[in-house]
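Take a look at the structure set out below.
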Amino acid sequence: MTLLDFARGPGLQWSLIIMIVGLCWRVIGVFLGRWRKDLSRPRSDDLVQGGLRAIITRSAPAPELEKNIRFQHYTGYIWHIGFFMTVLLYEPHIAFFKSILGFGWPGLPSHLVVIPAAITLAVLVMLMIRRMTHSVMRMITRTDDYLSLIIIISTLVTGLMAYAHMGPRYETMLALHFISVELLFIWIPFSKLAHMFFWLLSRYRIGTFFERKGVKA
Amino acid sequence: MNVTSTAIDQLQEELGALAARAKPTDMPDEERVARAKHVFVKRISMGLAMNLESCIDCGMCAEVCHFYMATRDPRFAPVRKFEPVRRFYRRELTPLRWFNRLFVKDINVDDLKESQELVYDACTACGRCDMVCPMGIGISETVHLMRESLAAAGLIPEELRAVDQEQREKGTVLGVGPDQFRKVVQELAAEGIAIPVDKEQADILVLSSALNIRLFRQSVAGTAKIMNKLGADWTMSSRCFDASNFGYLSGDYPAEKTVTLRIIDAAKACGASRVIVPECGHAYVALRWHGANMLGERPPFRTMAISEFIGREIEAGRLRVKEIGNGKSVTFHDSCRLVRHGGLLTEPRIALRALGLDLKEMESRGRTAICCGGGEGSNYISKAEPLRQRAFEIKMREVDDTSADSLVTSCDSCRYNFMTKGAKANWNHPVESLVELVANNLAD
């Protein structure tokens, strides 16, 4: 079995299994924790609507707070959008998804997908430097933050190198790209990257929490 | 009866001497840590767990925190203020704790001691960070959990501890008890302002506060004038007139519960359908939002802040005020506890509009209002004074930017903070109470 065979076969399967089981374990485990019913008389009757609204409205800061967090807010959007464009619109990726899911979708020409991938990489490197230099970021950053960044960056670097036929021979580079993605899958449930699920839950929760008080959160 | 600088000076002097009155809470370090952990285990529910699972360490919370904005001290980043509970959760409670234990250090007494400054001196749990977090984390409630753990570990700052102990053990706050309350009632009666005290049955139980009795008696008078004008069936309890809850402020949960249940019992005893909390943000939160949970069921009355009551009575046309605007402009300071943790955004503004005042809003208002730095008992902590002064100056600049003739607020702690911090900064902007403004301008 070559490295590429491993990466495309058992490596991929096991990393996906670990990700799915780990995420279920973590999310369900939190839900199985103690629920505390708030007995206070709510100011609003529609807590569910408040929760759902917060899922949407928390996507942008309140206008008067925007100037305080402009950098983090917009860089966050840029790299998330760039990353998902790269994952979902690159033709070879779509072909790969099709082989698993049985259906595909239109993509962008490869040379165009390189642009969001490169921008994402640049932003992530910038964010990494900021974590190392900004006084607050340095103080609150944990190993998890650096590892998460490094793993995501490695998926982009290996992908771009494979695309540009740089580094070792193509098959090896492609295998390394697969392995970096598999590392990402494995790391997700153990790290802050689980926010890919928790963001929905915690936004909903804060929405209901403040809706009870009559505050649009 | 107006607030005099002498009365303020006396109170400040007394607050400065509070630390000496605090009884020691010595215990071995291991016990402090064990007690803090016990609070974490007991209090972390699914909602708090969600807060602790979701943080991505983006640091946005720091950028809107007035303590960080004023100092640029990275230690004051809100997310850092609950680092010990986060670490404990990751090691002991999260579903993946077995993995995290390999990397996450256990908390120790130094972590708790370091947290004291962060959660008492450098945080008013104002909740502005709650409003910016892209993950929707309830940061202020998690910081309050830290206060609870420190309280259990005997690490409440001395001044706050002294008042908490006084209220828990004697039922008085800053020496204000039933005798001082009755004296104020008599003084007001001599001025023709009647306060029905200890009625056996009443529709409305009105509360006051030690700060009102000590400094802002006009606020008590104003509330009485409004109630009498409405012809309300109301009373005040001489044994339970004080809505202040230093258990809540200091994180002393058992003490908070004692004070809250005492008020609930008094309201039940007179069959009140409404309990009116004075101009005091934290007292409102303690009774309005925590009361039912302390009692274990919804109490048989509604809790209203006095500003909420006034706004609704004006809106319903039952309370009429004179239009005194005549070109006068005001800006309104939203107390964090009343607006962000209470939802009372519109009611005070209804009153100001009815008075015909030109309301000039601050840049940060309502749910994103900047805290004045006087909340959550921080006014009592001497060593936090310079830090709070710097945080206050952000608010001061926002007020100045409105060019309003005066500042109106509906929280006595905020009002006291504006008066004392403003004086230190040679900022002599008029500060008015909403209740007093309304009461002094009731229509015939």
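For the structure tokens, the naming scheme is as follows: chains receive sequential letters (A, B, ...) according to their order of presentation, residues are indexed from 1 within each chain, and ligands are indexed from 1 in presentation order.
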
Open item on the list: Taking only C-alpha atoms into account, find every residue of chain A that has an atom no more than 6 Å from chain B, and write it out as a ChimeraX atom specification.
Closed with: /A:26,29,33-35,39-40,58,68-69,135-136,192,195,198-199,202-203,206,213-215

Generate the output file for the selected residues, N, CA and C atoms, as an mmCIF file, in the first residue's frame.
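part_5.cif, written as the output of this step:
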data_model
loop_
_atom_site.group_PDB
_atom_site.id
_atom_site.type_symbol
_atom_site.label_atom_id
_atom_site.label_comp_id
_atom_site.auth_asym_id
_atom_site.auth_seq_id
_atom_site.Cartn_x
_atom_site.Cartn_y
_atom_site.Cartn_z
ATOM 1 N N ARG A 26 -18.940 14.821 21.974
ATOM 2 C CA ARG A 26 -18.796 16.127 22.635
ATOM 3 C C ARG A 26 -20.128 16.881 22.690
ATOM 4 N N GLY A 29 -22.694 14.922 24.740
ATOM 5 C CA GLY A 29 -22.248 14.951 26.134
ATOM 6 C C GLY A 29 -22.637 16.250 26.826
ATOM 7 N N GLY A 33 -25.682 17.057 30.006
ATOM 8 C CA GLY A 33 -25.364 17.716 31.274
ATOM 9 C C GLY A 33 -26.631 18.208 31.952
ATOM 10 N N ARG A 34 -26.438 18.846 33.109
ATOM 11 C CA ARG A 34 -27.587 19.297 33.894
ATOM 12 C C ARG A 34 -28.279 20.479 33.220
ATOM 13 N N TRP A 35 -29.575 20.388 33.059
ATOM 14 C CA TRP A 35 -30.369 21.491 32.515
ATOM 15 C C TRP A 35 -30.957 22.245 33.685
ATOM 16 N N LEU A 39 -36.833 29.904 36.128
ATOM 17 C CA LEU A 39 -38.225 30.068 36.574
ATOM 18 C C LEU A 39 -38.714 31.514 36.514
ATOM 19 N N SER A 40 -37.802 32.446 36.205
ATOM 20 C CA SER A 40 -38.219 33.858 36.192
ATOM 21 C C SER A 40 -39.253 34.095 35.092
ATOM 22 N N ARG A 58 -25.995 37.552 15.098
ATOM 23 C CA ARG A 58 -24.619 37.511 15.606
ATOM 24 C C ARG A 58 -23.580 37.370 14.487
ATOM 25 N N ASN A 68 -14.801 48.733 16.778
ATOM 26 C CA ASN A 68 -13.883 48.147 17.758
ATOM 27 C C ASN A 68 -13.297 46.818 17.277
ATOM 28 N N ILE A 69 -14.063 46.109 16.449
ATOM 29 C CA ILE A 69 -13.655 44.727 16.135
ATOM 30 C C ILE A 69 -13.521 44.492 14.637
ATOM 31 N N SER A 135 -0.845 41.883 22.282
ATOM 32 C CA SER A 135 -0.751 41.571 23.715
ATOM 33 C C SER A 135 -1.930 40.736 24.224
ATOM 34 N N VAL A 136 -3.147 41.086 23.815
ATOM 35 C CA VAL A 136 -4.309 40.317 24.282
ATOM 36 C C VAL A 136 -4.281 38.916 23.692
ATOM 37 N N LYS A 192 -11.012 23.701 19.468
ATOM 38 C CA LYS A 192 -11.974 24.792 19.321
ATOM 39 C C LYS A 192 -12.654 24.747 17.951
ATOM 40 N N HIS A 195 -16.304 24.463 17.125
ATOM 41 C CA HIS A 195 -17.250 25.589 17.061
ATOM 42 C C HIS A 195 -18.048 25.527 15.765
ATOM 43 N N PHE A 198 -20.846 24.189 17.570
ATOM 44 C CA PHE A 198 -21.251 24.918 18.779
ATOM 45 C C PHE A 198 -21.721 26.350 18.500
ATOM 46 N N TRP A 199 -21.259 26.934 17.379
ATOM 47 C CA TRP A 199 -21.666 28.332 17.142
ATOM 48 C C TRP A 199 -23.181 28.452 17.027
ATOM 49 N N SER A 202 -24.603 27.876 20.767
ATOM 50 C CA SER A 202 -24.358 28.932 21.750
ATOM 51 C C SER A 202 -25.025 30.238 21.330
ATOM 52 N N ARG A 203 -25.099 30.497 20.034
ATOM 53 C CA ARG A 203 -25.827 31.694 19.601
ATOM 54 C C ARG A 203 -27.318 31.558 19.921
ATOM 55 N N ILE A 206 -27.739 32.126 23.710
ATOM 56 C CA ILE A 206 -27.638 33.516 24.180
ATOM 57 C C ILE A 206 -28.857 34.316 23.706
ATOM 58 N N LYS A 213 -35.154 38.423 28.843
ATOM 59 C CA LYS A 213 -35.057 39.718 29.520
ATOM 60 C C LYS A 213 -35.562 40.862 28.647
ATOM 61 N N GLY A 214 -35.994 40.537 27.451
ATOM 62 C CA GLY A 214 -36.497 41.579 26.564
ATOM 63 C C GLY A 214 -35.388 42.315 25.845
ATOM 64 N N VAL A 215 -34.224 41.672 25.718
ATOM 65 C CA VAL A 215 -33.082 42.324 25.072
ATOM 66 C C VAL A 215 -32.781 41.599 23.769
#

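Around Thr158 of chain A, within 9 Å and counting only C-alpha atoms, the residues found are Ile153, Ser154, Thr155, Met161, Ala162, Tyr163, Met173, Leu174, Leu176, His177, Phe178 and Ser180 of chain A, once anything fewer than 3 positions away on its own chain is removed.
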
Would you mind exporting the chosen residues as a PDB file, in the first residue's frame, restricted to C-alpha atoms?
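The resulting file, selection02.pdb, is reproduced below:
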ATOM      1  CA  ILE A 153      -2.654  26.248   7.090  1.00  0.00           C
ATOM      2  CA  SER A 154      -1.050  22.882   6.305  1.00  0.00           C
ATOM      3  CA  THR A 155      -4.116  21.798   4.311  1.00  0.00           C
ATOM      4  CA  MET A 161       1.892  22.804  -3.570  1.00  0.00           C
ATOM      5  CA  ALA A 162       0.143  19.798  -5.108  1.00  0.00           C
ATOM      6  CA  TYR A 163      -1.694  22.094  -7.510  1.00  0.00           C
ATOM      7  CA  MET A 173       2.350  15.728  -2.348  1.00  0.00           C
ATOM      8  CA  LEU A 174      -1.243  14.679  -2.918  1.00  0.00           C
ATOM      9  CA  LEU A 176       0.437  14.731   2.181  1.00  0.00           C
ATOM     10  CA  HIS A 177      -2.506  16.942   1.293  1.00  0.00           C
ATOM     11  CA  PHE A 178      -4.917  14.124   2.123  1.00  0.00           C
ATOM     12  CA  SER A 180      -3.251  17.115   6.392  1.00  0.00           C
TER      13      SER A 180
END

Open item on the list: Considering only C-alpha atoms, can you say which of A:Leu160, A:Ala217, A:Pro168, A:Trp187 comes closest to Ser59 of chain A?
Closed with: A:Ala217

Open item on the list: Considering only C-alpha atoms, can you say which of A:Met137, A:Leu52, A:Val27, A:Ile94 comes closest to Pro106 of chain A?
Closed with: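 Using only C-alpha atoms, the shortest distance to Pro106 of chain A belongs to A:Ile94.
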
- [ ] For atom CA of Thr223 of chain B and atom CA of Glu191 of chain B, determine how far apart the two atoms are, in Å to one decimal place.
- [x] 14.3 Å

Open item on the list: Just the number, please: distance in Å from atom CA of Ala283 of chain B to atom CA of Gly422 of chain B, one decimal.
Closed with: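 Atom-to-atom, atom CA of Ala283 of chain B to atom CA of Gly422 of chain B, that is 23.8 Å.
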
Open item on the list: Report as a ChimeraX atom specification all protein, DNA and RNA residues lying within 9 Å of Gln201 of chain B, evaluated on only C-alpha atoms, omitting residues in the same chain fewer than 6 positions from it.
Closed with: /B:233-235,269-272
